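File shown here: target33.cif, holding mmCIF, C-alpha atoms.
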data_entry
#
loop_
_atom_site.label_atom_id
_atom_site.label_comp_id
_atom_site.auth_asym_id
_atom_site.auth_seq_id
_atom_site.Cartn_x
_atom_site.Cartn_y
_atom_site.Cartn_z
CA MET A 1 0.00 0.00 0.00
CA PRO A 2 2.57 2.68 0.91
CA ASP A 3 4.41 4.51 -1.84
CA PRO A 4 8.20 4.40 -1.86
CA GLY A 5 8.36 7.71 -0.02
CA SER A 6 6.20 6.54 2.85
CA VAL A 7 7.11 4.46 5.86
CA PHE A 8 4.11 2.38 6.84
CA ARG A 9 3.78 2.09 10.60
CA GLU A 10 1.01 0.08 12.09
CA LEU A 11 0.06 1.09 15.60
CA GLN A 12 -2.20 -1.33 17.45
CA LEU A 13 -3.81 1.11 19.83
CA PRO A 14 -7.27 1.71 21.17
CA GLU A 15 -8.69 4.66 19.24
CA GLU A 16 -8.79 6.80 22.38
CA ASP A 17 -5.00 6.42 22.82
CA VAL A 18 -4.04 7.42 19.30
CA TYR A 19 -4.06 11.15 19.99
CA THR A 20 -1.73 10.78 22.99
CA GLU A 21 0.63 8.60 20.96
CA PHE A 22 0.66 11.05 18.05
CA VAL A 23 1.43 13.92 20.40
CA LYS A 24 4.37 11.97 21.82
CA ARG A 25 5.72 11.41 18.32
CA ASP A 26 5.27 15.06 17.24
CA TRP A 27 2.77 14.02 14.60
CA CYS A 28 0.03 16.55 15.33
CA ASP A 29 -0.63 20.22 15.98
CA GLY A 30 -1.62 19.87 19.62
CA LEU A 31 -5.31 19.38 18.97
CA PRO A 32 -7.03 15.98 18.91
CA ILE A 33 -6.90 14.15 15.59
CA VAL A 34 -8.95 11.61 13.71
CA PRO A 35 -6.87 8.38 13.66
CA PRO A 36 -5.71 7.74 10.08
CA THR A 37 -6.79 4.14 9.68
CA PRO A 38 -6.03 2.45 6.34
CA GLU A 39 -9.74 2.50 5.45
CA ARG A 40 -10.06 6.25 6.07
CA VAL A 41 -6.88 7.00 4.15
CA ARG A 42 -8.06 4.89 1.22
CA ALA A 43 -11.38 6.75 1.16
CA MET A 44 -9.56 10.09 1.18
CA VAL A 45 -7.24 9.04 -1.65
CA ALA A 46 -10.21 7.80 -3.67
CA ALA A 47 -11.96 11.16 -3.31
CA GLY A 48 -8.92 12.81 -4.86
CA GLY A 49 -9.03 10.40 -7.77
CA GLU A 50 -5.28 10.04 -7.66
CA ASP A 51 -2.71 7.27 -7.46
CA PRO A 52 -1.66 7.22 -3.79
CA ALA A 53 1.98 6.89 -4.82
CA ARG A 54 1.95 9.96 -7.05
CA VAL A 55 4.38 12.53 -5.70
CA LEU A 56 3.32 16.14 -6.14
CA GLY A 57 6.81 17.37 -5.34
CA LEU A 58 9.39 17.68 -2.60
CA MET A 59 8.15 19.67 0.36
CA PRO A 60 10.54 21.93 2.26
CA PRO A 61 12.15 22.53 4.63
CA LEU A 62 13.11 18.85 4.86
CA TRP A 63 12.35 18.20 1.17
CA ARG A 64 10.31 15.07 1.74
CA GLU A 65 8.16 13.55 -0.95
CA ALA A 66 4.63 14.91 -0.86
CA SER A 67 2.81 11.82 -2.05
CA VAL A 68 -0.95 11.73 -2.38
CA GLU A 69 -1.09 9.07 0.31
CA LYS A 70 0.84 11.17 2.83
CA LEU A 71 -1.39 14.14 2.11
CA ALA A 72 -4.43 11.91 2.60
CA VAL A 73 -3.15 10.69 5.98
CA ASN A 74 -2.90 14.27 7.19
CA ALA A 75 -6.26 15.22 5.69
CA VAL A 76 -7.86 12.36 7.64
CA MET A 77 -6.13 13.50 10.81
CA SER A 78 -7.44 17.04 10.33
CA GLY A 79 -11.05 15.88 10.20
CA CYS A 80 -11.45 16.65 6.48
CA GLU A 81 -14.33 15.06 4.69
CA PRO A 82 -13.08 13.16 1.62
CA ALA A 83 -14.97 15.59 -0.64
CA CYS A 84 -12.56 18.32 0.49
CA PHE A 85 -9.47 16.40 -0.59
CA PRO A 86 -9.33 17.82 -4.15
CA VAL A 87 -9.10 21.28 -2.58
CA VAL A 88 -6.20 20.13 -0.39
CA LEU A 89 -4.44 18.62 -3.41
CA ALA A 90 -4.84 21.81 -5.42
CA ALA A 91 -3.58 23.93 -2.53
CA VAL A 92 -0.50 21.74 -2.07
CA THR A 93 0.16 21.80 -5.82
CA ALA A 94 0.01 25.60 -5.72
CA MET A 95 2.27 25.82 -2.66
CA LEU A 96 4.90 23.68 -4.35
CA GLU A 97 5.20 26.13 -7.27
CA PRO A 98 8.59 27.88 -7.10
CA ALA A 99 6.91 31.32 -7.11
CA PHE A 100 5.30 30.51 -3.76
CA ASN A 101 8.72 29.89 -2.18
CA LEU A 102 7.43 27.39 0.35
CA TYR A 103 10.89 27.00 1.86
CA GLY A 104 10.87 30.66 2.84
CA VAL A 105 7.28 30.48 4.04
CA GLN A 106 8.04 27.44 6.20
CA ALA A 107 11.38 28.45 7.69
CA THR A 108 11.05 32.23 8.18
CA THR A 109 10.89 34.08 11.48
CA HIS A 110 7.88 36.01 10.08
CA PRO A 111 4.38 34.98 11.32
CA VAL A 112 3.20 33.80 7.91
CA ALA A 113 0.73 31.06 7.03
CA PRO A 114 -0.56 30.00 3.64
CA LEU A 115 -4.10 31.37 3.35
CA VAL A 116 -6.17 29.05 1.16
CA ILE A 117 -8.81 31.00 -0.80
CA VAL A 118 -11.40 28.81 -2.50
CA SER A 119 -13.34 30.19 -5.46
CA GLY A 120 -15.98 28.70 -7.73
CA PRO A 121 -18.49 25.86 -7.36
CA VAL A 122 -16.24 23.62 -5.27
CA ALA A 123 -16.54 26.03 -2.35
CA ARG A 124 -20.28 25.42 -2.19
CA VAL A 125 -19.95 21.69 -2.86
CA VAL A 126 -17.60 21.08 0.06
CA GLY A 127 -19.37 23.52 2.37
CA MET A 128 -16.81 26.31 2.58
CA HIS A 129 -18.12 29.26 4.54
CA ALA A 130 -17.68 32.77 3.13
CA GLY A 131 -20.04 34.67 5.43
CA ALA A 132 -20.03 36.01 8.98
CA GLY A 133 -16.95 35.02 10.95
CA LEU A 134 -15.36 33.18 8.05
CA PHE A 135 -11.83 33.49 9.41
CA GLY A 136 -12.92 32.04 12.76
CA PRO A 137 -14.30 28.82 14.22
CA GLY A 138 -17.52 27.02 13.44
CA PHE A 139 -17.20 25.80 9.88
CA ARG A 140 -15.92 22.30 9.24
CA ALA A 141 -14.67 22.71 5.68
CA ASN A 142 -12.78 25.93 6.44
CA ALA A 143 -11.36 24.55 9.68
CA THR A 144 -10.33 21.14 8.40
CA ILE A 145 -8.98 22.15 4.98
CA GLY A 146 -6.83 24.79 6.66
CA ARG A 147 -5.78 22.34 9.34
CA ALA A 148 -4.94 19.66 6.78
CA ILE A 149 -2.59 22.13 5.11
CA ARG A 150 -0.90 22.88 8.42
CA LEU A 151 -0.53 19.19 9.35
CA ILE A 152 0.95 18.53 5.91
CA LEU A 153 3.41 21.41 6.32
CA MET A 154 4.47 20.02 9.70
CA ASN A 155 4.43 16.27 9.07
CA VAL A 156 5.45 16.09 5.41
CA GLY A 157 7.47 19.29 5.08
CA GLY A 158 8.93 19.06 8.57
CA GLY A 159 8.06 22.63 9.55
CA TRP A 160 8.02 22.21 13.31
CA PRO A 161 7.87 25.37 15.44
CA GLY A 162 11.27 26.28 16.82
CA ARG A 163 13.04 23.60 14.80
CA HIS A 164 12.45 24.10 11.11
CA ASP A 165 9.61 26.61 11.35
CA MET A 166 11.60 29.47 12.83
CA ALA A 167 8.70 31.89 13.39
CA THR A 168 9.59 34.13 16.32
CA GLN A 169 6.04 34.17 17.68
CA GLY A 170 4.01 32.24 15.13
CA SER A 171 0.39 33.05 14.47
CA PRO A 172 -3.05 31.64 15.24
CA ALA A 173 -3.42 31.53 11.45
CA LYS A 174 -0.92 28.66 11.49
CA PHE A 175 -3.54 26.36 13.00
CA SER A 176 -5.94 26.75 10.09
CA TYR A 177 -6.35 29.44 7.43
CA ALA A 178 -8.88 28.75 4.70
CA ILE A 179 -11.73 30.89 3.38
CA ALA A 180 -14.04 31.31 0.40
CA GLU A 181 -15.41 34.31 -1.51
CA ARG A 182 -18.93 35.76 -1.24
CA GLU A 183 -19.56 35.21 -4.92
CA ASP A 184 -23.27 35.72 -4.25
CA VAL A 185 -22.86 39.36 -3.25
CA THR A 186 -19.60 40.56 -4.76
CA PRO A 187 -20.23 43.54 -7.02
CA TRP A 188 -17.28 42.51 -9.18
CA PRO A 189 -16.21 39.31 -10.92
CA PRO A 190 -14.78 36.80 -8.42
CA LEU A 191 -11.08 36.93 -7.60
CA SER A 192 -10.43 33.75 -9.61
CA VAL A 193 -11.95 35.26 -12.76
CA ARG A 194 -9.94 38.44 -12.35
CA LEU A 195 -6.87 36.21 -12.05
CA GLY A 196 -7.64 34.70 -15.46
CA PHE A 197 -9.75 31.62 -14.73
CA GLU A 198 -13.10 30.94 -16.37
CA PRO A 199 -16.35 31.87 -14.65
CA GLY A 200 -17.69 28.77 -12.96
CA GLN A 201 -14.24 27.21 -12.67
CA SER A 202 -13.17 25.95 -9.24
CA VAL A 203 -9.89 27.51 -8.15
CA VAL A 204 -7.64 27.58 -5.11
CA THR A 205 -5.37 30.54 -4.46
CA VAL A 206 -2.65 30.28 -1.83
CA PHE A 207 -1.50 33.57 -0.35
CA ALA A 208 1.37 33.59 2.17
CA GLY A 209 -0.11 36.06 4.61
CA GLU A 210 -0.15 37.35 8.13
CA ALA A 211 -3.32 36.99 10.17
CA PRO A 212 -5.98 39.53 9.09
CA HIS A 213 -5.58 43.19 10.14
CA ASN A 214 -8.94 44.78 10.91
CA VAL A 215 -10.34 47.72 8.94
CA ASN A 216 -13.08 49.35 11.00
CA ASP A 217 -15.11 52.00 9.19
CA HIS A 218 -18.62 52.71 10.44
CA VAL A 219 -18.96 56.19 9.01
CA SER A 220 -17.72 56.40 5.43
CA THR A 221 -20.35 56.67 2.73
CA THR A 222 -17.93 56.81 -0.19
CA ALA A 223 -15.40 54.54 -1.84
CA ALA A 224 -12.61 56.95 -1.00
CA GLY A 225 -13.60 57.03 2.66
CA ILE A 226 -13.46 53.28 3.09
CA LEU A 227 -10.39 52.82 0.94
CA ASN A 228 -8.53 55.54 2.82
CA ASN A 229 -8.99 53.36 5.91
CA VAL A 230 -7.97 50.22 4.04
CA SER A 231 -4.86 52.00 2.78
CA ASP A 232 -3.94 53.23 6.25
CA VAL A 233 -4.13 49.69 7.65
CA ALA A 234 -2.06 48.45 4.72
CA ALA A 235 0.79 50.92 5.25
CA THR A 236 2.51 50.36 8.59
CA LEU A 237 6.14 50.68 9.53
CA GLY A 238 6.27 47.25 11.18
CA SER A 239 4.97 45.34 8.21
CA ASN A 240 7.22 43.23 6.01
CA VAL A 241 5.34 44.63 3.03
CA GLY A 242 7.20 47.41 1.26
CA TRP A 243 10.69 46.49 2.36
CA TYR A 244 11.25 43.61 -0.04
CA MET A 245 9.40 45.32 -2.82
CA ALA A 246 9.55 42.84 -5.68
CA GLN A 247 7.38 40.25 -3.93
CA SER A 248 5.28 42.46 -1.67
CA GLN A 249 1.56 41.78 -2.01
CA LEU A 250 -1.56 42.80 -0.13
CA LEU A 251 -4.86 40.97 0.11
CA VAL A 252 -7.86 43.21 0.81
CA VAL A 253 -10.90 41.25 1.98
CA LEU A 254 -13.80 43.67 1.82
CA GLY A 255 -16.87 43.00 3.90
CA PRO A 256 -20.00 42.95 1.72
CA GLU A 257 -21.30 46.26 3.08
CA HIS A 258 -18.02 48.04 2.44
CA ALA A 259 -17.87 46.48 -1.02
CA GLN A 260 -21.36 47.71 -1.86
CA THR A 261 -20.52 51.26 -0.75
CA ILE A 262 -17.38 51.22 -2.86
CA ALA A 263 -19.16 49.79 -5.90
CA ALA A 264 -22.00 52.30 -5.53
CA ASP A 265 -19.41 55.01 -6.15
CA GLY A 266 -18.70 53.43 -9.53
CA PHE A 267 -15.48 51.69 -8.55
CA SER A 268 -14.44 48.52 -10.35
CA ALA A 269 -12.16 46.00 -8.64
CA ALA A 270 -9.31 47.47 -10.70
CA ASP A 271 -10.17 50.91 -9.33
CA VAL A 272 -9.93 49.52 -5.80
CA GLN A 273 -6.51 48.08 -6.60
CA ARG A 274 -5.34 51.36 -8.10
CA PHE A 275 -6.67 53.44 -5.19
CA VAL A 276 -5.01 51.26 -2.56
CA PHE A 277 -1.77 51.17 -4.55
CA GLU A 278 -1.74 54.97 -4.70
CA HIS A 279 -2.77 55.57 -1.07
CA ALA A 280 -1.15 52.75 0.92
CA ARG A 281 2.11 54.62 1.18
CA LEU A 282 4.56 55.94 3.77
CA PRO A 283 6.84 58.96 3.51
CA LEU A 284 10.54 58.28 3.09
CA GLY A 285 11.29 60.10 6.33
CA ARG A 286 8.97 57.78 8.27
CA LEU A 287 10.39 54.66 6.65
CA LYS A 288 13.78 55.69 8.01
CA LEU A 289 12.50 55.27 11.59
CA GLY A 290 12.91 51.50 11.74
CA GLY A 291 11.34 48.38 10.31
CA MET A 292 13.91 47.11 7.86
CA TRP A 293 15.48 50.42 6.91
CA GLY A 294 18.97 49.67 5.56
CA MET A 295 18.05 46.05 4.79
CA HIS A 296 15.39 46.96 2.26
CA ASP A 297 15.41 45.84 -1.34
CA TRP A 298 13.89 48.55 -3.50
CA PRO A 299 13.90 49.25 -7.23
CA LEU A 300 16.37 51.88 -8.38
CA TRP A 301 13.82 54.70 -8.67
CA MET A 302 12.86 54.30 -5.01
CA GLN A 303 16.46 54.12 -3.87
CA LYS A 304 17.11 57.48 -5.55
CA VAL A 305 14.31 59.36 -3.79
CA THR A 306 15.66 62.16 -1.58
CA ASP A 307 12.50 64.06 -0.59
CA GLU A 308 11.68 62.96 2.97
CA GLN A 309 8.01 63.72 2.35
CA ALA A 310 7.81 61.58 -0.81
CA LEU A 311 5.19 58.88 -0.42
CA LEU A 312 6.55 55.47 -1.34
CA PRO A 313 4.42 52.47 -2.27
CA MET A 314 3.97 49.24 -0.30
CA VAL A 315 3.67 47.01 -3.37
CA PRO A 316 5.21 47.24 -6.84
CA ALA A 317 2.00 47.57 -8.85
CA PRO A 318 -1.79 47.82 -8.50
CA GLU A 319 -2.06 44.15 -9.54
CA ASP A 320 -0.23 43.22 -6.34
CA VAL A 321 -3.26 44.36 -4.37
CA TYR A 322 -5.58 41.33 -4.39
CA VAL A 323 -9.21 42.23 -3.75
CA MET A 324 -12.05 39.92 -2.77
CA VAL A 325 -15.37 40.12 -0.94
CA ALA A 326 -16.20 37.96 2.08
CA GLY A 327 -17.86 38.19 5.48
CA GLY A 328 -21.28 38.92 6.92
CA PRO A 329 -23.19 42.01 8.00
CA GLY A 330 -21.21 44.86 9.54
CA LYS A 331 -18.73 47.59 8.77
CA HIS A 332 -15.49 45.64 8.90
CA SER A 333 -13.03 44.54 6.27
CA CYS A 334 -9.45 43.37 6.62
CA VAL A 335 -6.03 43.55 5.06
CA VAL A 336 -3.73 40.54 4.88
CA PRO A 337 -0.13 41.58 4.16
CA ASN A 338 2.06 38.89 2.67
CA CYS A 339 5.49 37.86 3.91
CA THR A 340 7.22 39.55 0.91
CA PHE A 341 9.28 36.57 -0.21
CA SER A 342 6.43 34.67 -1.82
CA ARG A 343 3.93 35.37 -4.54
CA ALA A 344 0.34 34.17 -4.50
CA VAL A 345 -0.31 31.16 -6.72
CA SER A 346 -3.66 29.93 -8.08
CA ARG A 347 -4.50 26.46 -9.37
CA ALA A 348 -7.68 24.91 -10.72
CA VAL A 349 -9.34 22.29 -8.54
CA GLU A 350 -9.91 18.95 -10.27
CA MET A 351 -13.42 18.15 -9.13
CA ARG A 352 -14.54 14.53 -8.90
CA SER A 353 -18.16 13.80 -9.60
CA MET B 1 30.58 25.11 -6.21
CA ALA B 2 32.20 22.71 -3.74
CA LYS B 3 32.10 19.96 -6.36
CA ARG B 4 33.96 22.29 -8.75
CA GLY B 5 36.68 22.78 -6.16
CA THR B 6 35.68 26.19 -4.86
CA PRO B 7 35.86 26.28 -1.07
CA SER B 8 32.23 26.65 -0.01
CA GLY B 9 30.27 26.84 3.17
CA LEU B 10 27.05 27.99 4.69
CA ILE B 11 26.92 31.01 6.97
CA GLY B 12 24.23 31.46 9.61
CA THR B 13 23.58 32.51 13.17
CA THR B 14 23.61 30.17 16.15
CA VAL B 15 19.86 29.69 16.44
CA PHE B 16 19.58 28.70 12.81
CA GLN B 17 22.34 26.10 13.08
CA ASN B 18 19.95 23.17 13.55
CA LEU B 19 17.84 24.25 10.59
CA ALA B 20 20.98 24.55 8.46
CA VAL B 21 22.21 21.08 9.47
CA SER B 22 18.80 19.54 8.71
CA GLU B 23 18.64 21.37 5.41
CA MET B 24 22.09 20.23 4.35
CA ALA B 25 21.24 16.64 5.29
CA ALA B 26 17.96 16.79 3.36
CA LEU B 27 19.72 18.13 0.29
CA GLY B 28 22.64 15.71 0.52
CA ALA B 29 25.19 18.38 1.30
CA THR B 30 26.35 17.15 4.69
CA GLY B 31 30.00 17.72 3.86
CA LEU B 32 29.65 21.48 3.56
CA PRO B 33 31.31 23.47 6.33
CA LEU B 34 29.04 25.63 8.46
CA ILE B 35 30.19 29.09 9.46
CA VAL B 36 28.30 30.03 12.59
CA ILE B 37 28.08 33.54 14.01
CA GLN B 38 26.42 34.72 17.20
CA HIS B 39 22.66 35.35 17.01
CA PRO B 40 21.13 37.87 16.43
CA LEU B 41 22.44 39.76 13.46
CA GLY B 42 19.49 42.09 12.88
CA GLY B 43 19.23 45.05 15.24
CA GLU B 44 22.92 44.96 16.15
CA LYS B 45 25.02 48.10 16.45
CA PRO B 46 28.07 48.40 14.16
CA GLU B 47 30.47 47.03 16.80
CA GLY B 48 28.28 43.96 17.23
CA VAL B 49 28.21 43.43 13.50
CA SER B 50 32.00 43.79 13.41
CA ARG B 51 32.37 41.10 16.08
CA ARG B 52 30.25 38.74 14.03
CA ALA B 53 32.19 39.58 10.89
CA LEU B 54 35.37 38.68 12.76
CA GLN B 55 33.83 35.38 13.87
CA ALA B 56 33.00 34.64 10.25
CA VAL B 57 36.41 35.65 8.94
CA GLU B 58 38.20 33.45 11.47
CA GLN B 59 36.14 30.43 10.48
CA LEU B 60 36.48 31.30 6.81
CA ALA B 61 40.28 31.51 7.16
CA SER B 62 40.27 28.11 8.78
CA LEU B 63 38.12 26.76 5.97
CA LEU B 64 40.40 28.17 3.29
CA GLY B 65 43.43 26.84 5.15
CA ARG B 66 41.97 23.37 4.93
CA ALA B 67 41.09 23.68 1.27
#

Before we go any further, please render this structure as structure tokens.
Amino acid sequence: MPDPGSVFRELQLPEEDVYTEFVKRDWCDGLPIVPPTPERVRAMVAAGGEDPARVLGLMPPLWREASVEKLAVNAVMSGCEPACFPVVLAAVTAMLEPAFNLYGVQATTHPVAPLVIVSGPVARVVGMHAGAGLFGPGFRANATIGRAIRLILMNVGGGWPGRHDMATQGSPAKFSYAIAEREDVTPWPPLSVRLGFEPGQSVVTVFAGEAPHNVNDHVSTTAAGILNNVSDVAATLGSNVGWYMAQSQLLVVLGPEHAQTIAADGFSAADVQRFVFEHARLPLGRLKLGGMWGMHDWPLWMQKVTDEQALLPMVPAPEDVYVMVAGGPGKHSCVVPNCTFSRAVSRAVEMRS
Amino acid sequence: MAKRGTPSGLIGTTVFQNLAVSEMAALGATGLPLIVIQHPLGGEKPEGVSRRALQAVEQLASLLGRA
């Protein structure tokens, strides 16, 4: 049964002892797990429609083979329903793309976690939640898909906190970080379509981000008002974004009410990107106060700026501001800055009927 | 580079030593010398950086002497 990259270990334990044994062996994230019995793993593999021995790639930081079977073991442990497994496979495929720089994401001191954004019909099929409290607890598909990714990063990649995951403080987002879009209320085409996929296509985007930063705006009645707030949250001295410019990206997750206000002012999604690109800026003089001043990696034109009041961008281009709509009622949105040594990657989900 | 005869090594700070050793083992580069300097490097004043540079140079000299 096991592929050449797997070591098959049979533990004859009562089910109630499996969690304790897995904790002892550093095989879980600290929370209880579903024991990965051969039957459950087989069912998970079958839902992915893949050969269990197929290796998607080598997963850093320990460069172990990410076989479908190993991914399935971790998906079972996370509590994933088999129907969610194609989403997990697509997310892992995306994370293993060189542009995502999974080694950097896994081993950095920065509190980064891969945010899995699910677009298209698969989100509804597997029960992904895009409404109120979507980043938080309560929704099995979000919680278990995100957790499966984390268990895979730890158990297959070897990214253990303090050993090969060198995050200084880590992040609650490292437990589980998976969301979907409110395609039912977004005033613009879904993120996946704006990224070049077909309408109706199921897509996973992985974005190496910090935990969400709140944007509270209960008073603005215009696009500019809300986006001024978004831009202010996006431009902070302590962020990684802006210092390593070439791979700096921002994800703006607009709550539906904010999105409607912005759209009512005639803004397209591209206008939102342009506005945030132009306004999420810090003056040169302020950037010199700390952060990564002196270690920064800027394009030549920025290095040559001498005016202390000149406002310098956080990301290289408007397209590096990703915009999507999600959440429930209320006047909150959020900004997710990336880690700046990774670029978001999207991959189609191969859905099994 | 090492295979082509150029003296090569990996430089890192003390707290990243274990990661570096694991990484070299995973990539089959266990023979590469490791140049270790005191952690941290970021946030250090110039004299602290100079001390670390000296640590690196001493180890580098030793490495070149062996080459």

Taking all atoms listed in the file into account, name the residue in B:Leu63, B:Ser8, B:Leu19, B:Ala56 that is nearest to Leu32 (chain B).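 Smallest separation from Leu32 (chain B) among the options: B:Ser8.
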
Exercise. When you get a sec, could you note down which chain A residues fall within 7 Å of chain B, using all atoms listed in the file, as a PyMOL selection string?
Key: chain A and resi 61-63+163-164

Rounded to one decimal place, report the CA of Ala344 (chain A)-CA of Ala107 (chain A) distance in Å.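 Separating CA of Ala344 (chain A) from CA of Ala107 (chain A) is a distance of 17.4 Å.
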
- Task: Please identify all polymer residues within 10 Å of Ala348 (chain A), counting all atoms listed in the file, omitting same-chain residues fewer than 3 positions from it, and present them as number ranges by chain.
- Result: A: 86-87, 90-91, 93-94, 118-120, 192, 197-198, 201-205, 351

(request) Give me the residues within 6 Å of region 305-314 of chain A as a VMD selection string, counting all atoms listed in the file and dropping any in the same chain fewer than 4 places off. (result) chain A and resid 241 to 242 281 to 285

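When CA of Val76 (chain A) is paired with CA of Asn155 (chain A), their separation reads 13.0 Å.
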
Worksheet item: What separation in Å, quoted to one decimal, exists between CA of Gln249 (chain A) and CA of Val321 (chain A)?
Response: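 Result for CA of Gln249 (chain A) versus CA of Val321 (chain A): 6.0 Å, one decimal.
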
Put the listed atoms of region 28-45 of chain B in a box along x, y and z with 6 Å added on every side and give me the centre and edge lengths in Å to one decimal, as AutoDock Vina command-line options.
--center_x 25.3 --center_y 31.9 --center_z 8.9 --size_x 24.1 --size_y 44.4 --size_z 28.7

Item checked: Among listed residues B:Ala2, B:Leu54, B:Ala61, B:Leu10, nearest Pro33 (chain B) (using all atoms listed in the file) ->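 Counting all atoms listed in the file, the residue closest to Pro33 (chain B) is B:Leu10.
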
- [ ] Enumerate, as number ranges by chain, the residues matched when the PyMOL selection byres ((chain A and resi 239) around 10) is run on the file above.
- [x] A: 110, 210, 234-238, 240-243, 291-292, 314, 337-340

Atom completion result for region 16-22 of chain B (all heavy atoms) as a PDB file, keeping the file's coordinate frame:
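Dumped to selection.pdb:
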ATOM      1  N   PHE B  16      19.979  29.338  14.054  1.00  0.00           N
ATOM      2  CA  PHE B  16      19.580  28.700  12.810  1.00  0.00           C
ATOM      3  C   PHE B  16      20.480  27.510  12.454  1.00  0.00           C
ATOM      4  O   PHE B  16      20.353  26.925  11.386  1.00  0.00           O
ATOM      5  CB  PHE B  16      19.576  29.713  11.658  1.00  0.00           C
ATOM      6  CG  PHE B  16      18.428  30.682  11.747  1.00  0.00           C
ATOM      7  CD1 PHE B  16      18.562  31.875  12.419  1.00  0.00           C
ATOM      8  CD2 PHE B  16      17.201  30.368  11.193  1.00  0.00           C
ATOM      9  CE1 PHE B  16      17.500  32.757  12.531  1.00  0.00           C
ATOM     10  CE2 PHE B  16      16.131  31.231  11.294  1.00  0.00           C
ATOM     11  CZ  PHE B  16      16.277  32.435  11.973  1.00  0.00           C
ATOM     12  N   GLN B  17      21.382  27.163  13.364  1.00  0.00           N
ATOM     13  CA  GLN B  17      22.340  26.100  13.080  1.00  0.00           C
ATOM     14  C   GLN B  17      21.641  24.763  12.846  1.00  0.00           C
ATOM     15  O   GLN B  17      21.961  24.037  11.910  1.00  0.00           O
ATOM     16  CB  GLN B  17      23.332  25.980  14.237  1.00  0.00           C
ATOM     17  CG  GLN B  17      24.489  25.040  13.938  1.00  0.00           C
ATOM     18  CD  GLN B  17      25.593  25.141  14.982  1.00  0.00           C
ATOM     19  OE1 GLN B  17      25.544  26.000  15.867  1.00  0.00           O
ATOM     20  NE2 GLN B  17      26.569  24.274  14.885  1.00  0.00           N
ATOM     21  N   ASN B  18      20.648  24.455  13.703  1.00  0.00           N
ATOM     22  CA  ASN B  18      19.950  23.170  13.550  1.00  0.00           C
ATOM     23  C   ASN B  18      19.196  23.096  12.228  1.00  0.00           C
ATOM     24  O   ASN B  18      19.176  22.064  11.563  1.00  0.00           O
ATOM     25  CB  ASN B  18      18.986  22.943  14.713  1.00  0.00           C
ATOM     26  CG  ASN B  18      19.728  22.644  15.997  1.00  0.00           C
ATOM     27  OD1 ASN B  18      20.895  22.250  15.971  1.00  0.00           O
ATOM     28  ND2 ASN B  18      19.069  22.866  17.119  1.00  0.00           N
ATOM     29  N   LEU B  19      18.549  24.210  11.863  1.00  0.00           N
ATOM     30  CA  LEU B  19      17.840  24.250  10.590  1.00  0.00           C
ATOM     31  C   LEU B  19      18.822  24.018   9.436  1.00  0.00           C
ATOM     32  O   LEU B  19      18.556  23.250   8.513  1.00  0.00           O
ATOM     33  CB  LEU B  19      17.122  25.586  10.414  1.00  0.00           C
ATOM     34  CG  LEU B  19      16.470  25.835   9.047  1.00  0.00           C
ATOM     35  CD1 LEU B  19      15.356  24.838   8.772  1.00  0.00           C
ATOM     36  CD2 LEU B  19      15.924  27.268   8.953  1.00  0.00           C
ATOM     37  N   ALA B  20      19.982  24.682   9.531  1.00  0.00           N
ATOM     38  CA  ALA B  20      20.980  24.550   8.460  1.00  0.00           C
ATOM     39  C   ALA B  20      21.473  23.111   8.342  1.00  0.00           C
ATOM     40  O   ALA B  20      21.608  22.579   7.232  1.00  0.00           O
ATOM     41  CB  ALA B  20      22.149  25.492   8.733  1.00  0.00           C
ATOM     42  N   VAL B  21      21.716  22.468   9.489  1.00  0.00           N
ATOM     43  CA  VAL B  21      22.210  21.080   9.470  1.00  0.00           C
ATOM     44  C   VAL B  21      21.146  20.162   8.865  1.00  0.00           C
ATOM     45  O   VAL B  21      21.455  19.309   8.019  1.00  0.00           O
ATOM     46  CB  VAL B  21      22.585  20.635  10.907  1.00  0.00           C
ATOM     47  CG1 VAL B  21      22.835  19.132  10.956  1.00  0.00           C
ATOM     48  CG2 VAL B  21      23.814  21.398  11.385  1.00  0.00           C
ATOM     49  N   SER B  22      19.885  20.352   9.263  1.00  0.00           N
ATOM     50  CA  SER B  22      18.800  19.540   8.710  1.00  0.00           C
ATOM     51  C   SER B  22      18.669  19.749   7.215  1.00  0.00           C
ATOM     52  O   SER B  22      18.451  18.817   6.436  1.00  0.00           O
ATOM     53  CB  SER B  22      17.468  19.899   9.378  1.00  0.00           C
ATOM     54  OG  SER B  22      17.520  19.643  10.748  1.00  0.00           O
TER      55      SER B  22
END
